[in-house]
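Single-structure report; data block below.
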Amino acid sequence: MKTKAIIFDLDGVITDTARYHFKAWKMLADSLGFGFTEADNERLKGVSRMDSLNIILEINGAEDRFTLEEKEALCKTKNDNYIQLISQITPADILPGISDFMAAAKAAGLSCAVASVSKNAPAVLKSLGLADSFDYVADAKKITRSKPDPEIFTVCAESLGFKGSDCIGIEDSQAGIEAIHAAGMKSIGINVTVCSLEPDIHLKSTAELDFASMVD
Ligand code: BG6
Ligand code: MG
């Protein structure tokens, strides 16, 4: 097989936590009297916590309203909201098609990794019962650049001992698709709604994942 590894995004790909990130930011935005819509939220997918806050501030013309210390406190409030929302996650929250796709990849001798910039990724994987299911999980604390920078995908490939062109990345965000392509990988997009760069394979949901026809 040409492909050696599958690199999964977490939020919005392995599980539907993207909607919890949105809810948690929406609670914060409402409390500040800021506008923040689901369309705005597309820009936040795959983007780090502080970069996400900066986008919300920019949307509301409030870039200069807070000190760094105040912004860190706002990020903490968002994360407290988020932790509350994800506290009930169980293995039943793994999205359809993901477990079968991973099983097929492993059966074919491929490696699997997680490329999430979320610092909550280890806790979410544990709640899903997937803490020990991947050959490599990127450490978001060590990633210095948010997607669309390819850093996290490149780190995953290199940590597994492969080149970008050996890997397929799966993403639900425009920033993620750009990151996968910049890392030299083939991309599978899951319901990527804002799309200046088309994924190589575009799916409406993870239920459409099919190892035999999509992995060469
Ligand atoms: C990404 C999400 O996976 O993680 C973003 O798509 C989120 O929406 C980012 O902002 C950072 O997550 P966390 O959990 O570290 O705030
Ligand atoms: Mg995502």
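Note on naming: chains are A, B, ... as they come in the structure tokens, residues start from 1 per chain, ligands start from 1 in the order shown.
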Could you pull out the residues sitting within 7 Å of ligand 1, using only C-alpha atoms and all ligand atoms, and write them as a list in words?
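Counting only C-alpha atoms and all ligand atoms, the residues within 7 Å of ligand 1 come out as Leu10, Asp11, Ala18, His21, Leu44, Lys45, Gly46, Val47, Ser48, Arg49, Ser52, Asn79, Ser116, Val117, Ser118, Lys119, Asn120 and Ala121 of chain A.
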Save the residues we just selected, C-alpha atoms, as a PDB file, in the first residue's frame?
```pdb
ATOM      1  CA  LEU A  10     -10.165  15.209  16.749  1.00  0.00           C
ATOM      2  CA  ASP A  11     -12.800  17.931  17.195  1.00  0.00           C
ATOM      3  CA  ALA A  18     -16.683  21.180  17.501  1.00  0.00           C
ATOM      4  CA  HIS A  21     -16.278  24.593  21.334  1.00  0.00           C
ATOM      5  CA  LEU A  44     -12.198  29.161  14.698  1.00  0.00           C
ATOM      6  CA  LYS A  45     -12.063  25.477  13.770  1.00  0.00           C
ATOM      7  CA  GLY A  46      -8.519  24.128  14.092  1.00  0.00           C
ATOM      8  CA  VAL A  47      -7.367  27.423  15.624  1.00  0.00           C
ATOM      9  CA  SER A  48      -5.795  27.654  19.107  1.00  0.00           C
ATOM     10  CA  ARG A  49      -7.679  29.051  22.097  1.00  0.00           C
ATOM     11  CA  SER A  52      -9.798  32.006  18.510  1.00  0.00           C
ATOM     12  CA  ASN A  79     -12.293  26.573  28.723  1.00  0.00           C
ATOM     13  CA  SER A 116      -5.413  18.207  17.363  1.00  0.00           C
ATOM     14  CA  VAL A 117      -4.291  21.609  18.626  1.00  0.00           C
ATOM     15  CA  SER A 118      -6.698  21.195  21.566  1.00  0.00           C
ATOM     16  CA  LYS A 119      -5.070  20.989  24.980  1.00  0.00           C
ATOM     17  CA  ASN A 120      -8.181  19.037  26.025  1.00  0.00           C
ATOM     18  CA  ALA A 121      -7.500  16.303  23.431  1.00  0.00           C
TER      19      ALA A 121
END
```
Protein and nucleic residues near ligand 2, 12 Å, only C-alpha atoms and all ligand atoms, as a PyMOL selection string:
chain A and resi 8-22+41-48+114-118+121+146-148+169-177+179+189-193
Could you tell me, as a ChimeraX atom specification, which residues of range 2-176 of chain A DSSP assigns to strand (DSSP E or B) when given the backbone?
/A:5-8,11,15,94,111-114,136-137,167-171
Please, could you write that set of residues out with C-alpha atoms as a PDB file, in the first residue's frame?
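And here's part01.pdb as it stands now:
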```pdb
ATOM      1  CA  ALA A   5      -0.517   6.445   8.019  1.00  0.00           C
ATOM      2  CA  ILE A   6      -3.865   8.112   8.650  1.00  0.00           C
ATOM      3  CA  ILE A   7      -3.731  11.332  10.647  1.00  0.00           C
ATOM      4  CA  PHE A   8      -7.030  12.313  12.262  1.00  0.00           C
ATOM      5  CA  ASP A  11     -12.800  17.931  17.195  1.00  0.00           C
ATOM      6  CA  THR A  15     -16.189  13.174  17.830  1.00  0.00           C
ATOM      7  CA  ILE A  94     -17.325   8.422  18.588  1.00  0.00           C
ATOM      8  CA  SER A 111      -0.371   3.696  11.602  1.00  0.00           C
ATOM      9  CA  CYS A 112      -2.925   6.107  13.056  1.00  0.00           C
ATOM     10  CA  ALA A 113      -2.248   9.463  14.738  1.00  0.00           C
ATOM     11  CA  VAL A 114      -4.196  12.398  16.161  1.00  0.00           C
ATOM     12  CA  TYR A 136       0.929   8.813  18.121  1.00  0.00           C
ATOM     13  CA  VAL A 137      -1.028  11.741  19.608  1.00  0.00           C
ATOM     14  CA  CYS A 167       0.002  10.081   4.912  1.00  0.00           C
ATOM     15  CA  ILE A 168      -3.683  10.931   4.565  1.00  0.00           C
ATOM     16  CA  GLY A 169      -5.125  13.636   6.837  1.00  0.00           C
ATOM     17  CA  ILE A 170      -8.791  13.873   7.834  1.00  0.00           C
ATOM     18  CA  GLU A 171     -10.191  17.279   8.796  1.00  0.00           C
TER      19      GLU A 171
END
```
Using Å and a single decimal, report how far CA of Phe211 in chain A sits from CA of Pro199 in chain A.
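Pair CA of Pro199 in chain A / CA of Phe211 in chain A returns 16.5 Å.
Candidate residues A:Ala131, A:Met50, A:Ile143, A:Leu203 were compared for distance to Lys76 in chain A, and the nearest is A:Met50, using only C-alpha atoms.
Pairwise distance (CA of Val155 in chain A, CA of Ala107 in chain A) equals 23.8 Å.
The interatomic distance for the pair CA of Ile55 in chain A and CA of Trp25 in chain A works out to 11.2 Å.
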From a DSSP calculation on the backbone, collect every residue of range 150-181 of chain A in alpha helix (DSSP H) and output the set as a PDB file with N, CA, C and O atoms, in the first residue's frame.
```
ATOM      1  N   GLU A 151       2.535  22.529  10.739  1.00  0.00           N
ATOM      2  CA  GLU A 151       3.379  21.991  11.815  1.00  0.00           C
ATOM      3  C   GLU A 151       2.833  20.707  12.453  1.00  0.00           C
ATOM      4  O   GLU A 151       3.540  19.701  12.548  1.00  0.00           O
ATOM      5  N   ILE A 152       1.585  20.727  12.893  1.00  0.00           N
ATOM      6  CA  ILE A 152       1.082  19.570  13.669  1.00  0.00           C
ATOM      7  C   ILE A 152       1.007  18.304  12.819  1.00  0.00           C
ATOM      8  O   ILE A 152       1.298  17.206  13.287  1.00  0.00           O
ATOM      9  N   PHE A 153       0.661  18.445  11.522  1.00  0.00           N
ATOM     10  CA  PHE A 153       0.609  17.263  10.650  1.00  0.00           C
ATOM     11  C   PHE A 153       2.011  16.755  10.345  1.00  0.00           C
ATOM     12  O   PHE A 153       2.251  15.538  10.316  1.00  0.00           O
ATOM     13  N   THR A 154       2.943  17.682  10.165  1.00  0.00           N
ATOM     14  CA  THR A 154       4.330  17.289   9.895  1.00  0.00           C
ATOM     15  C   THR A 154       4.923  16.580  11.114  1.00  0.00           C
ATOM     16  O   THR A 154       5.605  15.558  10.980  1.00  0.00           O
ATOM     17  N   VAL A 155       4.633  17.107  12.314  1.00  0.00           N
ATOM     18  CA  VAL A 155       5.131  16.479  13.547  1.00  0.00           C
ATOM     19  C   VAL A 155       4.586  15.053  13.656  1.00  0.00           C
ATOM     20  O   VAL A 155       5.312  14.110  13.999  1.00  0.00           O
ATOM     21  N   CYS A 156       3.309  14.862  13.350  1.00  0.00           N
ATOM     22  CA  CYS A 156       2.711  13.513  13.405  1.00  0.00           C
ATOM     23  C   CYS A 156       3.423  12.569  12.434  1.00  0.00           C
ATOM     24  O   CYS A 156       3.817  11.461  12.809  1.00  0.00           O
ATOM     25  N   ALA A 157       3.583  13.017  11.175  1.00  0.00           N
ATOM     26  CA  ALA A 157       4.219  12.152  10.171  1.00  0.00           C
ATOM     27  C   ALA A 157       5.636  11.794  10.605  1.00  0.00           C
ATOM     28  O   ALA A 157       6.014  10.610  10.597  1.00  0.00           O
ATOM     29  N   GLU A 158       6.402  12.797  11.013  1.00  0.00           N
ATOM     30  CA  GLU A 158       7.803  12.554  11.387  1.00  0.00           C
ATOM     31  C   GLU A 158       7.903  11.657  12.618  1.00  0.00           C
ATOM     32  O   GLU A 158       8.770  10.796  12.708  1.00  0.00           O
ATOM     33  N   SER A 159       7.001  11.856  13.572  1.00  0.00           N
ATOM     34  CA  SER A 159       7.042  11.035  14.791  1.00  0.00           C
ATOM     35  C   SER A 159       6.746   9.571  14.481  1.00  0.00           C
ATOM     36  O   SER A 159       7.219   8.676  15.182  1.00  0.00           O
ATOM     37  N   LEU A 160       5.964   9.338  13.430  1.00  0.00           N
ATOM     38  CA  LEU A 160       5.676   7.955  13.020  1.00  0.00           C
ATOM     39  C   LEU A 160       6.773   7.412  12.107  1.00  0.00           C
ATOM     40  O   LEU A 160       6.768   6.226  11.763  1.00  0.00           O
ATOM     41  N   GLN A 174     -11.543  24.298   7.208  1.00  0.00           N
ATOM     42  CA  GLN A 174     -10.778  24.832   6.086  1.00  0.00           C
ATOM     43  C   GLN A 174      -9.315  24.980   6.469  1.00  0.00           C
ATOM     44  O   GLN A 174      -8.411  24.610   5.714  1.00  0.00           O
ATOM     45  N   ALA A 175      -9.053  25.492   7.680  1.00  0.00           N
ATOM     46  CA  ALA A 175      -7.658  25.657   8.120  1.00  0.00           C
ATOM     47  C   ALA A 175      -6.943  24.309   8.145  1.00  0.00           C
ATOM     48  O   ALA A 175      -5.768  24.205   7.772  1.00  0.00           O
ATOM     49  N   GLY A 176      -7.675  23.272   8.559  1.00  0.00           N
ATOM     50  CA  GLY A 176      -7.087  21.936   8.628  1.00  0.00           C
ATOM     51  C   GLY A 176      -6.758  21.377   7.254  1.00  0.00           C
ATOM     52  O   GLY A 176      -5.707  20.760   7.058  1.00  0.00           O
ATOM     53  N   ILE A 177      -7.657  21.588   6.291  1.00  0.00           N
ATOM     54  CA  ILE A 177      -7.400  21.104   4.923  1.00  0.00           C
ATOM     55  C   ILE A 177      -6.156  21.808   4.357  1.00  0.00           C
ATOM     56  O   ILE A 177      -5.287  21.178   3.753  1.00  0.00           O
ATOM     57  N   GLU A 178      -6.050  23.106   4.613  1.00  0.00           N
ATOM     58  CA  GLU A 178      -4.860  23.846   4.133  1.00  0.00           C
ATOM     59  C   GLU A 178      -3.596  23.296   4.786  1.00  0.00           C
ATOM     60  O   GLU A 178      -2.554  23.146   4.141  1.00  0.00           O
ATOM     61  N   ALA A 179      -3.690  22.978   6.090  1.00  0.00           N
ATOM     62  CA  ALA A 179      -2.527  22.444   6.816  1.00  0.00           C
ATOM     63  C   ALA A 179      -2.105  21.087   6.245  1.00  0.00           C
ATOM     64  O   ALA A 179      -0.918  20.823   6.054  1.00  0.00           O
ATOM     65  N   ILE A 180      -3.087  20.234   5.949  1.00  0.00           N
ATOM     66  CA  ILE A 180      -2.797  18.897   5.404  1.00  0.00           C
ATOM     67  C   ILE A 180      -2.083  19.033   4.055  1.00  0.00           C
ATOM     68  O   ILE A 180      -1.066  18.384   3.808  1.00  0.00           O
ATOM     69  N   HIS A 181      -2.620  19.907   3.201  1.00  0.00           N
ATOM     70  CA  HIS A 181      -2.007  20.081   1.874  1.00  0.00           C
ATOM     71  C   HIS A 181      -0.601  20.670   2.002  1.00  0.00           C
ATOM     72  O   HIS A 181       0.323  20.242   1.312  1.00  0.00           O
TER      73      HIS A 181
END
```
Do you know which residues are at most 10 Å from Met27 in chain A counting only C-alpha atoms, after dropping those on the same chain fewer than 2 positions away, and could you put them as a ChimeraX atom specification?
/A:22-25,29-34,36,77-78,81-82
Since we have the selection now, will you write its residues out, keeping all heavy atoms, as a CSV table (one decimal), in the first residue's frame?
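Output below, filename again.csv:
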```csv
chain,number,residue,atom,x,y,z
A,22,PHE,N,-18.0,25.7,20.0
A,22,PHE,CA,-18.9,26.8,19.6
A,22,PHE,C,-19.7,27.3,20.7
A,22,PHE,O,-19.8,28.5,21.0
A,22,PHE,CB,-19.8,26.4,18.4
A,22,PHE,CG,-20.8,27.5,18.1
A,22,PHE,CD1,-20.4,28.7,17.6
A,22,PHE,CD2,-22.2,27.2,18.3
A,22,PHE,CE1,-21.4,29.7,17.4
A,22,PHE,CE2,-23.1,28.2,18.1
A,22,PHE,CZ,-22.7,29.4,17.6
A,23,LYS,N,-20.4,26.3,21.4
A,23,LYS,CA,-21.3,26.7,22.5
A,23,LYS,C,-20.5,27.4,23.6
A,23,LYS,O,-21.0,28.4,24.2
A,23,LYS,CB,-21.9,25.4,23.2
A,23,LYS,CG,-23.2,25.0,22.5
A,23,LYS,CD,-23.8,23.9,23.4
A,23,LYS,CE,-25.0,23.3,22.7
A,23,LYS,NZ,-25.6,22.2,23.4
A,24,ALA,N,-19.3,26.9,23.9
A,24,ALA,CA,-18.5,27.5,25.0
A,24,ALA,C,-18.1,29.0,24.6
A,24,ALA,O,-18.1,29.9,25.5
A,24,ALA,CB,-17.3,26.7,25.3
A,25,TRP,N,-17.7,29.2,23.4
A,25,TRP,CA,-17.3,30.5,22.9
A,25,TRP,C,-18.6,31.4,22.9
A,25,TRP,O,-18.5,32.6,23.2
A,25,TRP,CB,-16.7,30.5,21.5
A,25,TRP,CG,-15.3,30.1,21.5
A,25,TRP,CD1,-14.7,29.1,20.8
A,25,TRP,CD2,-14.2,30.8,22.2
A,25,TRP,NE1,-13.4,29.0,21.0
A,25,TRP,CE2,-13.0,30.0,21.8
A,25,TRP,CE3,-14.1,31.8,23.1
A,25,TRP,CZ2,-11.7,30.4,22.3
A,25,TRP,CZ3,-12.8,32.2,23.6
A,25,TRP,CH2,-11.7,31.5,23.2
A,29,ALA,N,-19.1,35.0,24.5
A,29,ALA,CA,-19.4,36.2,23.7
A,29,ALA,C,-20.7,36.8,24.2
A,29,ALA,O,-20.8,38.1,24.3
A,29,ALA,CB,-19.6,35.7,22.2
A,30,ASP,N,-21.7,36.0,24.5
A,30,ASP,CA,-23.0,36.6,25.0
A,30,ASP,C,-22.8,37.4,26.3
A,30,ASP,O,-23.3,38.5,26.5
A,30,ASP,CB,-24.0,35.4,25.3
A,30,ASP,CG,-24.6,34.9,24.0
A,30,ASP,OD1,-24.3,35.4,22.9
A,30,ASP,OD2,-25.3,33.8,24.1
A,31,SER,N,-21.9,36.8,27.2
A,31,SER,CA,-21.7,37.5,28.5
A,31,SER,C,-21.0,38.8,28.3
A,31,SER,O,-21.1,39.7,29.1
A,31,SER,CB,-20.9,36.6,29.4
A,31,SER,OG,-19.5,36.6,29.0
A,32,LEU,N,-20.3,39.0,27.1
A,32,LEU,CA,-19.6,40.3,26.9
A,32,LEU,C,-20.4,41.2,26.0
A,32,LEU,O,-20.0,42.3,25.6
A,32,LEU,CB,-18.2,39.9,26.2
A,32,LEU,CG,-17.2,39.2,27.0
A,32,LEU,CD1,-16.1,38.7,26.2
A,32,LEU,CD2,-16.7,40.1,28.2
A,33,GLY,N,-21.6,40.7,25.5
A,33,GLY,CA,-22.4,41.5,24.6
A,33,GLY,C,-21.8,41.5,23.2
A,33,GLY,O,-22.1,42.4,22.4
A,34,PHE,N,-21.0,40.5,22.9
A,34,PHE,CA,-20.4,40.4,21.5
A,34,PHE,C,-21.3,39.5,20.6
A,34,PHE,O,-21.9,38.5,21.0
A,34,PHE,CB,-19.0,39.8,21.6
A,34,PHE,CG,-18.0,40.7,22.1
A,34,PHE,CD1,-16.8,40.2,22.6
A,34,PHE,CD2,-18.2,42.1,22.3
A,34,PHE,CE1,-15.8,41.0,23.1
A,34,PHE,CE2,-17.2,42.9,22.8
A,34,PHE,CZ,-16.0,42.3,23.2
A,36,PHE,N,-21.5,36.6,17.8
A,36,PHE,CA,-20.7,35.5,17.4
A,36,PHE,C,-21.7,34.4,16.8
A,36,PHE,O,-22.5,33.9,17.6
A,36,PHE,CB,-20.0,34.9,18.6
A,36,PHE,CG,-19.1,33.7,18.3
A,36,PHE,CD1,-18.2,33.8,17.2
A,36,PHE,CD2,-19.3,32.5,19.0
A,36,PHE,CE1,-17.4,32.6,16.9
A,36,PHE,CE2,-18.5,31.4,18.7
A,36,PHE,CZ,-17.6,31.5,17.7
A,77,THR,N,-12.2,31.3,31.1
A,77,THR,CA,-13.7,31.2,31.2
A,77,THR,C,-14.2,30.3,30.1
A,77,THR,O,-15.1,29.4,30.4
A,77,THR,CB,-14.3,32.6,31.2
A,77,THR,OG1,-13.8,33.3,32.2
A,77,THR,CG2,-15.8,32.5,31.3
A,78,LYS,N,-13.8,30.5,28.9
A,78,LYS,CA,-14.3,29.7,27.8
A,78,LYS,C,-13.9,28.2,28.0
A,78,LYS,O,-14.7,27.3,27.8
A,78,LYS,CB,-13.6,30.1,26.5
A,78,LYS,CG,-14.1,29.4,25.2
A,78,LYS,CD,-13.2,28.2,24.9
A,78,LYS,CE,-13.8,27.3,23.8
A,78,LYS,NZ,-12.9,26.2,23.5
A,81,ASN,N,-16.2,26.6,30.6
A,81,ASN,CA,-17.5,26.3,29.9
A,81,ASN,C,-17.3,25.0,29.1
A,81,ASN,O,-18.2,24.1,29.2
A,81,ASN,CB,-17.9,27.4,28.9
A,81,ASN,CG,-18.1,28.8,29.5
A,81,ASN,OD1,-18.3,28.9,30.7
A,81,ASN,ND2,-18.1,29.8,28.7
A,82,TYR,N,-16.2,24.9,28.4
A,82,TYR,CA,-16.0,23.8,27.5
A,82,TYR,C,-15.9,22.5,28.3
A,82,TYR,O,-16.5,21.4,28.0
A,82,TYR,CB,-14.8,24.0,26.6
A,82,TYR,CG,-14.5,22.9,25.7
A,82,TYR,CD1,-15.3,22.6,24.6
A,82,TYR,CD2,-13.3,22.0,25.8
A,82,TYR,CE1,-15.1,21.6,23.7
A,82,TYR,CE2,-13.1,21.0,24.9
A,82,TYR,CZ,-13.9,20.8,23.9
A,82,TYR,OH,-13.7,19.8,23.0
```
